[in-house]
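Let me begin by presenting the structure, written as structure tokens, before commenting on it.
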Amino acid sequence: MLKPLTQEAIGNDYCGELSIQDYSKKQSIDGVQLINLNLFLDDGGSLAEIVRFDDQGNLQLIPEFKAKQSTFSQIMPGVIKAFHLHYNQEDVWFCMPYDRLLIGLFDARKDSPTYQQSMRFVMGAGRAQILYIPRGVAHGMANVWQNTANMIYFVNQCFNPACPDEHRLPWNILGDDFWEIRKG
């Protein structure tokens, strides 16, 4: 029978460096929704239904969202596309399940209960999910891995190059290390 160890059993050279990773659920930004989708696998591949529309053209999973445009984006390794927000537009993102993107969000809405709250998480990586981003929530993505990643996203207004609803913030507004892979 194995006898449990205590901290005293660890050498003095390492004892002061020990820590425990935080596994608690992270606080979400008000209005942001990360929705898991079914990813069906069989011997011939995989399938995920991304969105389904009701008779009025609204997303069934997010009934208040009516898609007006869908766009495909390819993100090369090492690229950071951040940060920007919209005054009127809302986004629904889908990262291909077998790609991988680091997503960053923060709440820039001064009257929001989660003002200045940030979120950082991975989309793709074997999961099928959609991410709903309300207007006023700054968002971005980074491909910090070695393979190209692909995303499809839906917006509730068509892009207008004469009057774009694209308000940019510095990529490192949350610190230069925000987009780095966490070591340890």
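Chains: A, B, ... in order of the structure tokens. Residues: from 1 per chain. Ligands: from 1, in order shown.
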- [ ] Run DSSP on the backbone and give me the residues of chain A it puts in alpha helix (DSSP H), as a PyMOL selection string.
- [x] chain A and resi 12-15
Could you turn the residues from that selection into a file that holds N, CA and C atoms, as a PDB file, in the first residue's frame?
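File produced: out_32.pdb:
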ATOM      1  N   ASN A  12      13.747  20.856  -0.350  1.00  0.00           N
ATOM      2  CA  ASN A  12      13.719  22.294  -0.087  1.00  0.00           C
ATOM      3  C   ASN A  12      13.953  23.132  -1.340  1.00  0.00           C
ATOM      4  N   ASP A  13      14.665  22.593  -2.321  1.00  0.00           N
ATOM      5  CA  ASP A  13      14.928  23.331  -3.557  1.00  0.00           C
ATOM      6  C   ASP A  13      13.643  23.584  -4.358  1.00  0.00           C
ATOM      7  N   TYR A  14      12.613  22.785  -4.105  1.00  0.00           N
ATOM      8  CA  TYR A  14      11.381  22.874  -4.894  1.00  0.00           C
ATOM      9  C   TYR A  14      10.164  23.319  -4.083  1.00  0.00           C
ATOM     10  N   CYS A  15      10.212  23.141  -2.780  1.00  0.00           N
ATOM     11  CA  CYS A  15       9.053  23.396  -1.919  1.00  0.00           C
ATOM     12  C   CYS A  15       8.502  24.814  -2.082  1.00  0.00           C
TER      13      CYS A  15
END
Open item on the list: For the structure I just gave you, how does DSSP split chain A - specifically, which residues are strand (DSSP E)? Reply as a ChimeraX atom specification.
Closed with: /A:33-36,39-42,45-48,69-75,80-85,91-95,100-107,118-124,129-133,137-142,149-155,167-168
Open item on the list: So that I can see what lies close to A:Val144, please list as a PyMOL selection string the residues with an atom at most 12 Å from it, counting only C-alpha atoms and leaving out residues fewer than 5 positions away in the same chain.
Closed with: chain A and resi 75-81+99-103+122+149+177-182
Proximity check stretch 49-99 of chain A to stretch 32-45 of chain A, 10 Å, nearest pairs one decimal Å, only C-alpha atoms, as JSON lines:
{"residue": "A:Glu49", "atom": "CA", "partner": "A:Asn38", "partner_atom": "CA", "distance": 7.2}
{"residue": "A:Ile50", "atom": "CA", "partner": "A:Leu37", "partner_atom": "CA", "distance": 7.3}
{"residue": "A:Val51", "atom": "CA", "partner": "A:Leu37", "partner_atom": "CA", "distance": 9.2}
{"residue": "A:Leu61", "atom": "CA", "partner": "A:Ile35", "partner_atom": "CA", "distance": 8.3}
{"residue": "A:Ile62", "atom": "CA", "partner": "A:Gln33", "partner_atom": "CA", "distance": 9.0}
{"residue": "A:Val92", "atom": "CA", "partner": "A:Gln33", "partner_atom": "CA", "distance": 9.2}
{"residue": "A:Trp93", "atom": "CA", "partner": "A:Leu34", "partner_atom": "CA", "distance": 9.4}
{"residue": "A:Pro97", "atom": "CA", "partner": "A:Leu39", "partner_atom": "CA", "distance": 8.4}
Task: Selected residue of minimal separation from A:Gln116 among A:Ser28, A:Asn58, A:Thr6, A:Asn160, counting only C-alpha atoms - done: A:Ser28
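Excluding A:Met119 and any residue on its chain fewer than 4 positions from it, the residues at most 10 Å away by only C-alpha atoms are A:Lys26, A:Gln27, A:Ser28, A:Ile29, A:Val32, A:Ile103, A:Gly104, A:Leu105, A:Phe106, A:Asp107, A:His139.
Rounded to one decimal, atom CA of A:Leu47 and atom CA of A:Met96 lie 10.8 Å from each other.
Our summary of the geometry notes that atom CA of A:His86 is positioned 11.9 Å from atom CA of A:Cys163.
Atom pair atom CA of A:Gln117 / atom CA of A:Glu166: separated by 20.7 Å.
Within the 9 Å cut-off around A:Phe94, using only C-alpha atoms and omitting residues fewer than 3 positions from it on the same chain, the listed residues are Ile50, Pro97, Met123, Gly124, Ala128, Gln129, Ile130, Leu131, Asn150, Met151, Ile152, Tyr153 and Phe154 of chain A.
Among the candidates A:Gly184, A:Arg52, A:Pro113, A:Gly175, the one nearest to A:Leu18 when counting only C-alpha atoms is A:Gly184.
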A:Asp54 surroundings by only C-alpha atoms, 12 Å radius, close-in-sequence under 4 positions cut, as a PDB file with N, CA and C atoms, in the first residue's frame:
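Contents of the output file result_14.pdb:
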ATOM      1  N   ASN A  58     -33.976  34.173 -37.387  1.00  0.00           N
ATOM      2  CA  ASN A  58     -33.179  34.284 -36.172  1.00  0.00           C
ATOM      3  C   ASN A  58     -32.503  32.945 -35.876  1.00  0.00           C
ATOM      4  N   LEU A  59     -31.349  33.002 -35.234  1.00  0.00           N
ATOM      5  CA  LEU A  59     -30.699  31.768 -34.806  1.00  0.00           C
ATOM      6  C   LEU A  59     -31.556  31.115 -33.736  1.00  0.00           C
ATOM      7  N   GLN A  60     -31.810  29.839 -33.854  1.00  0.00           N
ATOM      8  CA  GLN A  60     -32.638  29.154 -32.858  1.00  0.00           C
ATOM      9  C   GLN A  60     -31.964  29.111 -31.493  1.00  0.00           C
ATOM     10  N   LEU A  61     -30.640  28.954 -31.447  1.00  0.00           N
ATOM     11  CA  LEU A  61     -29.936  28.895 -30.166  1.00  0.00           C
ATOM     12  C   LEU A  61     -29.812  30.271 -29.511  1.00  0.00           C
ATOM     13  N   ILE A  62     -29.893  31.335 -30.315  1.00  0.00           N
ATOM     14  CA  ILE A  62     -29.812  32.710 -29.810  1.00  0.00           C
ATOM     15  C   ILE A  62     -30.939  33.490 -30.493  1.00  0.00           C
ATOM     16  N   PRO A  63     -32.170  33.361 -30.013  1.00  0.00           N
ATOM     17  CA  PRO A  63     -33.337  33.883 -30.737  1.00  0.00           C
ATOM     18  C   PRO A  63     -33.306  35.383 -31.025  1.00  0.00           C
ATOM     19  N   GLU A  64     -32.595  36.168 -30.215  1.00  0.00           N
ATOM     20  CA  GLU A  64     -32.549  37.610 -30.450  1.00  0.00           C
ATOM     21  C   GLU A  64     -31.548  37.996 -31.548  1.00  0.00           C
ATOM     22  N   PHE A  65     -30.831  37.021 -32.098  1.00  0.00           N
ATOM     23  CA  PHE A  65     -29.800  37.281 -33.104  1.00  0.00           C
ATOM     24  C   PHE A  65     -30.312  36.898 -34.488  1.00  0.00           C
ATOM     25  N   LYS A  66     -30.356  37.874 -35.379  1.00  0.00           N
ATOM     26  CA  LYS A  66     -30.752  37.633 -36.766  1.00  0.00           C
ATOM     27  C   LYS A  66     -29.511  37.838 -37.636  1.00  0.00           C
ATOM     28  N   ALA A  67     -29.024  36.775 -38.236  1.00  0.00           N
ATOM     29  CA  ALA A  67     -27.817  36.853 -39.072  1.00  0.00           C
ATOM     30  C   ALA A  67     -28.112  37.606 -40.364  1.00  0.00           C
TER      31      ALA A  67
END
